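Below is the file start03.cif, which contains mmCIF, C-alpha atoms and all ligand atoms.
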```cif
data_work
#
loop_
_atom_site.label_atom_id
_atom_site.label_comp_id
_atom_site.auth_asym_id
_atom_site.auth_seq_id
_atom_site.Cartn_x
_atom_site.Cartn_y
_atom_site.Cartn_z
CA MET H 196 -2.81 75.66 103.07
CA ILE H 197 -0.30 73.54 104.99
CA ASP H 198 -2.17 72.82 108.21
CA LEU H 199 0.09 71.67 111.06
CA ARG H 200 -2.40 72.32 113.86
CA SER H 201 -3.48 68.70 114.21
CA ASP H 202 -3.78 65.37 112.41
CA THR H 203 -7.56 65.74 112.86
CA VAL H 204 -7.57 68.17 109.91
CA THR H 205 -6.85 65.29 107.49
CA ARG H 206 -9.43 65.09 104.73
CA PRO H 207 -10.92 61.90 103.30
CA SER H 208 -9.16 61.01 100.05
CA THR H 209 -10.95 60.30 96.77
CA GLY H 210 -10.47 56.55 97.30
CA MET H 211 -11.88 56.77 100.81
CA ARG H 212 -14.91 58.75 99.64
CA GLN H 213 -15.52 56.17 96.93
CA ALA H 214 -15.34 53.33 99.48
CA MET H 215 -17.84 55.21 101.65
CA ALA H 216 -20.21 55.77 98.74
CA ASP H 217 -20.05 52.08 97.77
CA ALA H 218 -20.48 50.64 101.29
CA PRO H 219 -23.29 48.15 101.86
CA VAL H 220 -25.38 49.48 104.76
CA GLY H 221 -28.23 48.55 107.07
CA ASP H 222 -29.77 49.83 110.31
CA ASP H 223 -26.97 49.50 112.84
CA VAL H 224 -29.31 50.06 115.80
CA PHE H 225 -30.94 46.80 114.63
CA GLY H 226 -27.45 45.30 114.26
CA ASP H 227 -28.08 45.09 110.50
CA ASP H 228 -25.23 47.11 109.04
CA PRO H 229 -22.78 44.65 107.43
CA THR H 230 -20.02 47.25 107.06
CA VAL H 231 -20.19 48.30 110.72
CA ASN H 232 -20.29 44.67 111.84
CA ALA H 233 -17.27 43.77 109.71
CA VAL H 234 -15.26 46.79 110.89
CA GLN H 235 -16.04 46.08 114.55
CA GLN H 236 -14.90 42.50 114.08
CA ARG H 237 -11.81 43.51 112.12
CA VAL H 238 -10.63 45.98 114.77
CA ALA H 239 -11.38 43.48 117.56
CA GLU H 240 -9.27 40.85 115.77
CA LEU H 241 -6.44 43.27 115.03
CA THR H 242 -6.26 44.22 118.71
CA GLY H 243 -6.68 40.67 120.00
CA LYS H 244 -9.94 41.44 121.83
CA GLU H 245 -13.29 39.60 121.81
CA ALA H 246 -15.46 42.42 120.53
CA GLY H 247 -15.53 45.96 119.16
CA LEU H 248 -18.01 48.83 119.12
CA PHE H 249 -18.09 51.59 116.53
CA ALA H 250 -18.77 55.13 117.79
CA SER H 251 -18.68 58.69 116.58
CA SER H 252 -15.61 59.96 118.42
CA GLY H 253 -12.72 59.05 120.67
CA THR H 254 -14.31 61.07 123.43
CA GLN H 255 -17.35 58.82 123.16
CA THR H 256 -15.38 55.53 123.13
CA ASN H 257 -13.35 56.69 126.15
CA LEU H 258 -16.53 57.70 127.98
CA LEU H 259 -18.17 54.38 127.10
CA ALA H 260 -15.15 52.55 128.53
CA LEU H 261 -15.15 54.54 131.76
CA LEU H 262 -18.91 54.16 132.21
CA SER H 263 -18.70 50.44 131.42
CA HIS H 264 -15.91 49.73 133.91
CA CYS H 265 -17.07 52.00 136.73
CA GLN H 266 -20.21 52.53 138.80
CA ARG H 267 -21.19 55.81 140.47
CA GLY H 268 -18.81 56.48 143.36
CA ASP H 269 -16.03 54.45 141.79
CA GLU H 270 -12.73 56.15 141.11
CA TYR H 271 -10.37 56.16 138.13
CA LEU H 272 -6.67 56.95 138.24
CA VAL H 273 -5.51 59.13 135.36
CA GLY H 274 -2.93 61.69 134.21
CA GLN H 275 -3.65 65.43 134.62
CA GLU H 276 -2.86 65.92 130.95
CA TYR H 277 -4.50 62.75 129.67
CA HIS H 278 -7.44 63.21 127.35
CA THR H 279 -9.84 61.18 129.54
CA TYR H 280 -9.27 63.63 132.40
CA ARG H 281 -8.64 67.01 130.86
CA TYR H 282 -10.14 67.12 127.39
CA GLU H 283 -13.51 65.39 127.69
CA ALA H 284 -15.44 68.07 129.59
CA GLY H 285 -15.48 65.95 132.74
CA GLY H 286 -17.90 63.49 131.13
CA ALA H 287 -16.93 60.60 133.40
CA ALA H 288 -17.83 62.68 136.49
CA VAL H 289 -20.81 64.50 134.99
CA LEU H 290 -22.50 61.53 133.34
CA GLY H 291 -21.09 58.61 135.33
CA GLY H 292 -20.54 59.94 138.85
CA ILE H 293 -17.01 58.58 138.52
CA VAL H 294 -14.40 60.25 140.71
CA PRO H 295 -11.13 61.20 139.00
CA GLN H 296 -7.80 60.84 140.83
CA PRO H 297 -5.36 62.70 138.57
CA PHE H 298 -1.53 62.50 138.65
CA GLU H 299 1.13 64.71 137.13
CA VAL H 300 2.37 63.15 133.91
CA GLU H 301 6.10 62.32 133.89
CA ALA H 302 8.39 63.69 131.15
CA ASP H 303 8.16 60.41 129.21
CA GLY H 304 4.34 60.48 129.20
CA THR H 305 3.88 57.84 131.92
CA LEU H 306 2.47 58.09 135.45
CA ASN H 307 4.70 57.30 138.44
CA LEU H 308 3.37 53.86 139.37
CA GLN H 309 4.66 54.04 142.95
CA LEU H 310 2.63 57.19 143.45
CA VAL H 311 -0.34 55.57 141.70
CA GLU H 312 -0.14 52.58 144.06
CA LYS H 313 -0.06 54.92 147.07
CA ARG H 314 -3.31 56.56 145.96
CA ILE H 315 -5.27 53.32 145.56
CA LYS H 316 -7.86 53.58 148.31
CA PRO H 317 -8.35 50.81 150.85
CA ASP H 318 -11.84 49.33 151.20
CA ASP H 319 -13.27 51.85 153.67
CA PRO H 320 -16.64 53.63 153.55
CA HIS H 321 -14.85 56.98 153.70
CA PHE H 322 -13.31 56.49 150.29
CA PRO H 323 -14.41 56.12 146.70
CA ILE H 324 -13.80 52.64 145.34
CA THR H 325 -10.67 52.65 143.17
CA ARG H 326 -11.70 50.74 140.06
CA LEU H 327 -9.72 51.72 137.00
CA LEU H 328 -6.34 52.93 135.81
CA ALA H 329 -6.59 54.88 132.54
CA LEU H 330 -3.44 55.34 130.43
CA GLU H 331 -2.71 56.87 127.03
CA ASN H 332 -0.50 55.88 124.07
CA THR H 333 0.81 57.89 122.34
CA HIS H 334 0.73 60.85 124.73
CA THR H 335 1.64 64.22 123.12
CA GLY H 336 3.39 62.25 120.40
CA LYS H 337 5.43 60.18 122.88
CA VAL H 338 5.40 56.41 122.67
CA ILE H 339 4.91 54.79 126.07
CA PRO H 340 7.35 51.88 126.55
CA GLN H 341 5.60 48.51 126.49
CA GLN H 342 7.61 47.41 129.56
CA TYR H 343 5.85 50.19 131.47
CA MET H 344 2.45 49.01 130.27
CA LEU H 345 3.24 45.49 131.53
CA LYS H 346 4.20 46.93 134.93
CA ALA H 347 0.93 48.86 135.01
CA ARG H 348 -0.93 45.59 134.28
CA LYS H 349 0.86 43.92 137.20
CA LEU H 350 -0.12 46.76 139.50
CA ALA H 351 -3.72 46.61 138.28
CA ASP H 352 -3.86 42.84 138.90
CA LYS H 353 -2.34 43.19 142.36
CA HIS H 354 -5.15 45.57 143.36
CA GLY H 355 -8.01 44.16 141.31
CA LEU H 356 -8.19 47.21 139.03
CA LYS H 357 -9.27 47.39 135.41
CA LEU H 358 -6.90 48.92 132.87
CA HIS H 359 -8.06 51.16 130.01
CA LEU H 360 -5.94 52.53 127.17
CA ASP H 361 -6.81 55.72 125.35
CA GLY H 362 -5.19 54.55 122.13
CA ALA H 363 -6.42 57.44 120.01
CA ARG H 364 -2.99 57.28 118.29
CA ILE H 365 -2.12 53.65 118.96
CA PHE H 366 -1.45 53.32 115.21
CA ASN H 367 1.42 55.78 115.53
CA ALA H 368 2.74 53.81 118.52
CA SER H 369 2.57 50.62 116.48
CA VAL H 370 4.42 52.07 113.50
CA ALA H 371 7.05 53.70 115.76
CA THR H 372 7.76 50.55 117.80
CA GLY H 373 7.13 47.84 115.22
CA LEU H 374 4.81 46.15 117.76
CA ASP H 375 1.46 45.12 116.32
CA LEU H 376 -1.83 46.43 117.69
CA ALA H 377 -2.59 43.18 119.52
CA GLU H 378 0.67 43.29 121.41
CA LEU H 379 0.19 46.95 122.36
CA ALA H 380 -3.39 46.24 123.44
CA ALA H 381 -2.61 43.00 125.32
CA PRO H 382 -2.15 44.46 128.83
CA PHE H 383 -5.49 46.32 128.66
CA ASP H 384 -9.09 45.39 129.45
CA SER H 385 -10.28 47.99 126.96
CA VAL H 386 -8.75 50.14 124.24
CA SER H 387 -10.20 53.14 122.42
CA LEU H 388 -8.88 53.64 118.87
CA CYS H 389 -9.45 56.81 116.89
CA PHE H 390 -9.56 56.83 113.09
CA SER H 391 -10.17 60.53 112.53
CA LYS H 392 -6.58 61.53 113.35
CA GLY H 393 -3.62 60.36 111.30
CA MET H 394 -5.68 57.51 109.85
CA GLY H 395 -7.58 60.13 107.92
CA THR H 396 -11.27 59.24 108.29
CA PRO H 397 -13.80 62.06 108.67
CA ILE H 398 -15.45 60.38 111.70
CA GLY H 399 -15.10 57.20 113.68
CA SER H 400 -13.63 55.47 116.71
CA VAL H 401 -13.80 51.90 117.94
CA LEU H 402 -13.81 50.58 121.52
CA VAL H 403 -12.51 47.03 121.98
CA GLY H 404 -12.66 44.70 124.97
CA SER H 405 -14.38 41.59 126.27
CA LYS H 406 -17.83 40.64 124.95
CA LYS H 407 -19.31 41.49 128.32
CA LEU H 408 -17.74 44.93 128.44
CA ILE H 409 -18.80 45.73 124.88
CA GLN H 410 -22.39 44.66 125.66
CA ARG H 411 -22.47 47.21 128.48
CA ALA H 412 -20.90 49.83 126.23
CA HIS H 413 -23.48 49.09 123.53
CA ARG H 414 -26.36 49.88 125.90
CA LEU H 415 -24.59 53.03 127.12
CA ARG H 416 -23.93 54.18 123.55
CA LYS H 417 -27.67 54.05 122.90
CA MET H 418 -28.31 55.94 126.15
CA LEU H 419 -25.88 58.67 125.09
CA GLY H 420 -27.65 59.07 121.76
CA GLY H 421 -24.77 57.45 119.94
CA GLY H 422 -26.79 54.73 118.20
CA MET H 423 -26.42 55.43 114.48
CA ARG H 424 -28.45 53.97 111.62
CA GLN H 425 -26.78 53.42 108.20
CA ALA H 426 -23.41 53.98 109.86
CA GLY H 427 -21.64 51.71 107.38
CA ILE H 428 -21.17 54.78 105.24
CA ILE H 429 -18.65 56.04 107.82
CA ALA H 430 -17.41 52.64 109.01
CA ALA H 431 -16.29 52.01 105.41
CA ALA H 432 -13.79 54.84 105.86
CA VAL H 433 -12.27 52.96 108.82
CA ASP H 434 -11.87 49.84 106.71
CA TYR H 435 -10.26 51.89 103.96
CA ALA H 436 -7.93 53.62 106.46
CA LEU H 437 -6.69 50.28 107.81
CA ASP H 438 -5.86 49.18 104.26
CA HIS H 439 -4.31 52.42 103.01
CA ASN H 440 -3.39 54.84 105.79
CA PHE H 441 -1.83 52.71 108.56
CA ASP H 442 1.62 51.80 107.22
CA ARG H 443 2.05 55.22 105.66
CA LEU H 444 2.14 56.83 109.13
CA ALA H 445 5.88 56.05 108.86
CA ASP H 446 6.06 58.92 106.32
CA ASP H 447 4.50 61.30 108.86
CA HIS H 448 7.05 60.20 111.46
CA ALA H 449 9.91 60.71 109.01
CA ASN H 450 8.54 64.15 108.14
CA ALA H 451 8.32 65.09 111.84
CA LEU H 452 11.92 63.94 112.37
CA GLU H 453 13.03 65.96 109.35
CA LEU H 454 11.14 69.03 110.57
CA ALA H 455 12.57 68.75 114.09
CA SER H 456 16.13 68.37 112.86
CA ALA H 457 15.83 71.25 110.37
CA LEU H 458 14.39 73.61 113.02
CA LYS H 459 16.87 72.61 115.68
CA GLY H 460 19.45 75.32 116.30
CA LEU H 461 17.41 78.16 114.79
CA PRO H 462 17.60 81.28 117.01
CA GLY H 463 14.95 81.88 119.68
CA ILE H 464 13.47 78.39 119.77
CA VAL H 465 14.11 75.10 121.54
CA VAL H 466 12.88 72.05 119.64
CA GLU H 467 11.89 68.87 121.47
CA PRO H 468 12.87 65.54 119.86
CA ALA H 469 10.07 63.98 117.78
CA GLN H 470 9.10 60.35 118.37
CA THR H 471 6.05 60.07 116.11
CA ASN H 472 4.10 62.74 114.19
CA MET H 473 4.44 65.69 116.57
CA VAL H 474 7.13 68.31 116.96
CA TYR H 475 7.05 70.72 119.90
CA VAL H 476 8.79 74.08 119.48
CA ASN H 477 9.33 76.22 122.58
CA PHE H 478 9.52 80.00 122.19
CA GLU H 479 10.89 82.59 124.62
CA SER H 480 7.46 84.18 124.95
CA LEU H 481 3.92 83.79 123.70
CA GLU H 482 4.39 86.98 121.70
CA ALA H 483 7.42 85.52 119.89
CA ALA H 484 5.39 82.41 119.06
CA LEU H 485 2.46 84.47 117.76
CA ASN H 486 4.79 86.54 115.58
CA VAL H 487 6.13 83.40 113.93
CA SER H 488 2.64 81.93 113.65
CA ASP H 489 1.40 85.15 111.97
CA HIS H 490 4.30 85.14 109.53
CA LEU H 491 3.70 81.49 108.65
CA ARG H 492 0.02 82.18 108.22
CA SER H 493 0.81 84.83 105.64
CA LYS H 494 2.59 82.01 103.76
CA ASP H 495 -0.47 79.74 104.01
CA ILE H 496 0.98 77.67 106.87
CA LEU H 497 -1.28 77.13 109.89
CA THR H 498 0.20 76.35 113.31
CA ALA H 499 -0.89 76.19 116.93
CA ARG H 500 -0.80 79.56 118.66
CA SER H 501 0.95 78.83 121.94
CA GLN H 502 4.39 79.37 123.47
CA ARG H 503 5.00 75.62 123.29
CA MET H 504 3.93 75.26 119.67
CA ARG H 505 2.78 71.83 118.50
CA LEU H 506 3.39 71.01 114.84
CA VAL H 507 1.67 67.86 113.61
CA THR H 508 2.54 65.98 110.42
CA HIS H 509 -0.11 63.95 108.63
CA LEU H 510 -1.22 62.59 105.27
CA ASN H 511 -2.00 66.02 103.82
CA VAL H 512 1.53 67.29 104.58
CA SER H 513 4.20 66.26 102.08
CA ARG H 514 8.00 66.35 102.29
CA SER H 515 8.08 69.46 100.09
CA ASP H 516 5.53 71.08 102.45
CA ILE H 517 8.00 70.41 105.27
CA GLU H 518 10.72 72.19 103.31
CA GLN H 519 8.38 75.15 102.83
CA VAL H 520 7.61 75.23 106.56
CA VAL H 521 11.33 75.21 107.39
CA ARG H 522 11.91 78.12 104.99
CA GLY H 523 9.03 79.98 106.68
CA PHE H 524 10.52 79.46 110.13
CA ARG H 525 13.99 80.57 108.97
CA LYS H 526 12.59 83.76 107.54
CA ALA H 527 10.37 84.47 110.57
CA LEU H 528 13.27 83.91 112.97
CA GLY H 529 15.65 85.99 110.84
CA SER H 530 18.16 83.27 110.14
C1 LIG H 601 -8.20 63.15 119.76
C2 LIG H 601 -8.03 62.36 120.98
C3 LIG H 601 -9.08 61.63 121.54
C4 LIG H 601 -10.47 61.61 120.93
O1 LIG H 601 -10.91 62.83 120.50
P1 LIG H 601 -12.23 62.98 119.58
O2 LIG H 601 -12.00 64.28 118.96
O3 LIG H 601 -13.37 62.95 120.51
O4 LIG H 601 -12.26 61.83 118.61
C5 LIG H 601 -8.83 60.88 122.65
N1 LIG H 601 -7.61 60.85 123.21
C6 LIG H 601 -6.56 61.52 122.70
C7 LIG H 601 -5.23 61.41 123.36
C8 LIG H 601 -6.74 62.30 121.58
O5 LIG H 601 -5.71 62.98 121.08
#
```
For this file, produce the structure as structure tokens.
Amino acid sequence: MIDLRSDTVTRPSTGMRQAMADAPVGDDVFGDDPTVNAVQQRVAELTGKEAGLFASSGTQTNLLALLSHCQRGDEYLVGQEYHTYRYEAGGAAVLGGIVPQPFEVEADGTLNLQLVEKRIKPDDPHFPITRLLALENTHTGKVIPQQYMLKARKLADKHGLKLHLDGARIFNASVATGLDLAELAAPFDSVSLCFSKGMGTPIGSVLVGSKKLIQRAHRLRKMLGGGMRQAGIIAAAVDYALDHNFDRLADDHANALELASALKGLPGIVVEPAQTNMVYVNFESLEAALNVSDHLRSKDILTARSQRMRLVTHLNVSRSDIEQVVRGFRKALGS
């Protein structure tokens, strides 16, 4: 199977499994797991932050960040299509009493900062207290320009807001821009990094920020039932991914570029330019998309099943797989 539905389908390699099996472990709720401690410190150092906290998922590290920055009745500013608003089951509101103020996401993946500034509430008992601006990089495969992030930091400082980055795919942003993780993370008070996407671990995310913020997040993680015991067995995969799967994301980006350029011009589809590891293909109708998806499936190629079809490249998709996918599309589209 060539699975283009997501980079979350990546499977742990033999080397990664071996590293997991060999990991020294302890009880991480007691703070005793040497592998977890080392990984938390490594990711904190790589991102230029004081401390890190290992957690089960990116949803959990985002939630921990929102709960750590905001009190009940506080408000966070966020994109309609950003993961922390749309794809986390409303956890910030349900579990934290945090009020979302969503904005339409611009074509380049940013929020309009003038509009954002307009929606920051004055200190008035009628209003929630605007506390946090939550951004995302990459967003739907788009790299957010660092200049924009610096402007967002300025705006946050002007209004005394905290700034969080959902950096689930910050590794892709780093490889695409050549900026290191610390530079990408610099404008932010907290960053959530996800290792179970293109980095290829089975489980694992890390939240980074100040010592104080991570202490709060640590308590909240326990409260959420996210305290894990011999978690070094999964943290070892993160360590392995940083050593072996970070730089190679460039191959995924090259494969996405190749896929986009080979599909471009085929009849009945409009292909959006690829910046990182995602290609979006627009069909004339959902039915047309499903027909192509069905045909590809019969050739052991799995895709999203939507009119704007997302194709994601990752470490279990090779260049020859890409060629096979292109042949499948040509056949399905009758060209
Ligand atoms: C995948 C993802 C997350 C985290 O998702 P989990 O499945 O909970 O690890 C967060 N933000 C974005 C943008 C993502 O794509």
What do you get as a PyMOL selection string if you pick all residues at most 9 Å from ligand LIG 601 (chain H), counting all atoms listed in the file? chain H and resi 202-203+251-257+277-279+282-283+331-335+361-364+387-392+398-400
H:Gly529, H:Gly286, H:Pro397, H:Gly291 ranked by distance to Asp269 (chain H), top pick (using all atoms listed in the file):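 Between H:Gly529, H:Gly286, H:Pro397, H:Gly291, the residue approaching Asp269 (chain H) most closely is H:Gly291.
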Tell me, as a ChimeraX atom specification, which residues lie within 10 Å of region 230-239 of chain H, counting all atoms listed in the file; anything in the same chain fewer than 3 positions away does not count. /H:215,218-223,226-227,242-250,376-377,386,388,400-405,425-435,437
Could you please take those selected residues and save C-alpha atoms as a short mmCIF file (atom, residue, chain, number, x, y, z; two decimals), in the frame of the given file?
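Heads up, here's the output in again02.cif:
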```cif
data_model
loop_
_atom_site.label_atom_id
_atom_site.label_comp_id
_atom_site.auth_asym_id
_atom_site.auth_seq_id
_atom_site.Cartn_x
_atom_site.Cartn_y
_atom_site.Cartn_z
CA MET H 215 -17.84 55.21 101.65
CA ALA H 218 -20.48 50.64 101.29
CA PRO H 219 -23.29 48.15 101.86
CA VAL H 220 -25.38 49.48 104.76
CA GLY H 221 -28.23 48.55 107.07
CA ASP H 222 -29.77 49.83 110.31
CA ASP H 223 -26.97 49.50 112.84
CA GLY H 226 -27.45 45.30 114.26
CA ASP H 227 -28.08 45.09 110.50
CA THR H 242 -6.26 44.22 118.71
CA GLY H 243 -6.68 40.67 120.00
CA LYS H 244 -9.94 41.44 121.83
CA GLU H 245 -13.29 39.60 121.81
CA ALA H 246 -15.46 42.42 120.53
CA GLY H 247 -15.53 45.96 119.16
CA LEU H 248 -18.01 48.83 119.12
CA PHE H 249 -18.09 51.59 116.53
CA ALA H 250 -18.77 55.13 117.79
CA LEU H 376 -1.83 46.43 117.69
CA ALA H 377 -2.59 43.18 119.52
CA VAL H 386 -8.75 50.14 124.24
CA LEU H 388 -8.88 53.64 118.87
CA SER H 400 -13.63 55.47 116.71
CA VAL H 401 -13.80 51.90 117.94
CA LEU H 402 -13.81 50.58 121.52
CA VAL H 403 -12.51 47.03 121.98
CA GLY H 404 -12.66 44.70 124.97
CA SER H 405 -14.38 41.59 126.27
CA GLN H 425 -26.78 53.42 108.20
CA ALA H 426 -23.41 53.98 109.86
CA GLY H 427 -21.64 51.71 107.38
CA ILE H 428 -21.17 54.78 105.24
CA ILE H 429 -18.65 56.04 107.82
CA ALA H 430 -17.41 52.64 109.01
CA ALA H 431 -16.29 52.01 105.41
CA ALA H 432 -13.79 54.84 105.86
CA VAL H 433 -12.27 52.96 108.82
CA ASP H 434 -11.87 49.84 106.71
CA TYR H 435 -10.26 51.89 103.96
CA LEU H 437 -6.69 50.28 107.81
#
```
In Å to one decimal, how far is CA of Leu258 (chain H) from CA of Ala288 (chain H)?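 Result for CA of Ala288 (chain H) versus CA of Leu258 (chain H): 9.9 Å, one decimal.
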Kindly assemble as a Markdown table a list of the region 242-332 of chain H residues that lie within 12 Å of region 465-486 of chain H, each paired with its nearest atom pair and their distance in Å to one decimal, using all atoms listed in the file, sorted first by chain and then by ascending residue number.
```
| residue | atom | partner | partner_atom | distance |
| --- | --- | --- | --- | --- |
| H:Ala302 | CA | H:Glu467 | CA | 11.5 |
| H:Asp303 | CA | H:Gln470 | CA | 10.9 |
| H:Gly304 | CA | H:Gln470 | CA | 11.8 |
| H:Asn332 | CA | H:Thr471 | CA | 11.1 |
```
Tell me, in Å to one decimal, how far CA of Asp352 (chain H) is from CA of Phe383 (chain H).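 Interatomic distance, CA of Asp352 (chain H) to CA of Phe383 (chain H): 10.9 Å.
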Enter the distance from CA of Phe225 (chain H) to CA of Leu415 (chain H), in Å, rounded to one decimal.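 Pair CA of Phe225 (chain H) / CA of Leu415 (chain H) returns 15.3 Å.
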Nearest to Arg411 (chain H), chosen from H:Arg212, H:His321, H:His264, H:Arg206, with all atoms listed in the file counted in the distances: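 With all atoms listed in the file as the atom set, the closest residue is H:His264.
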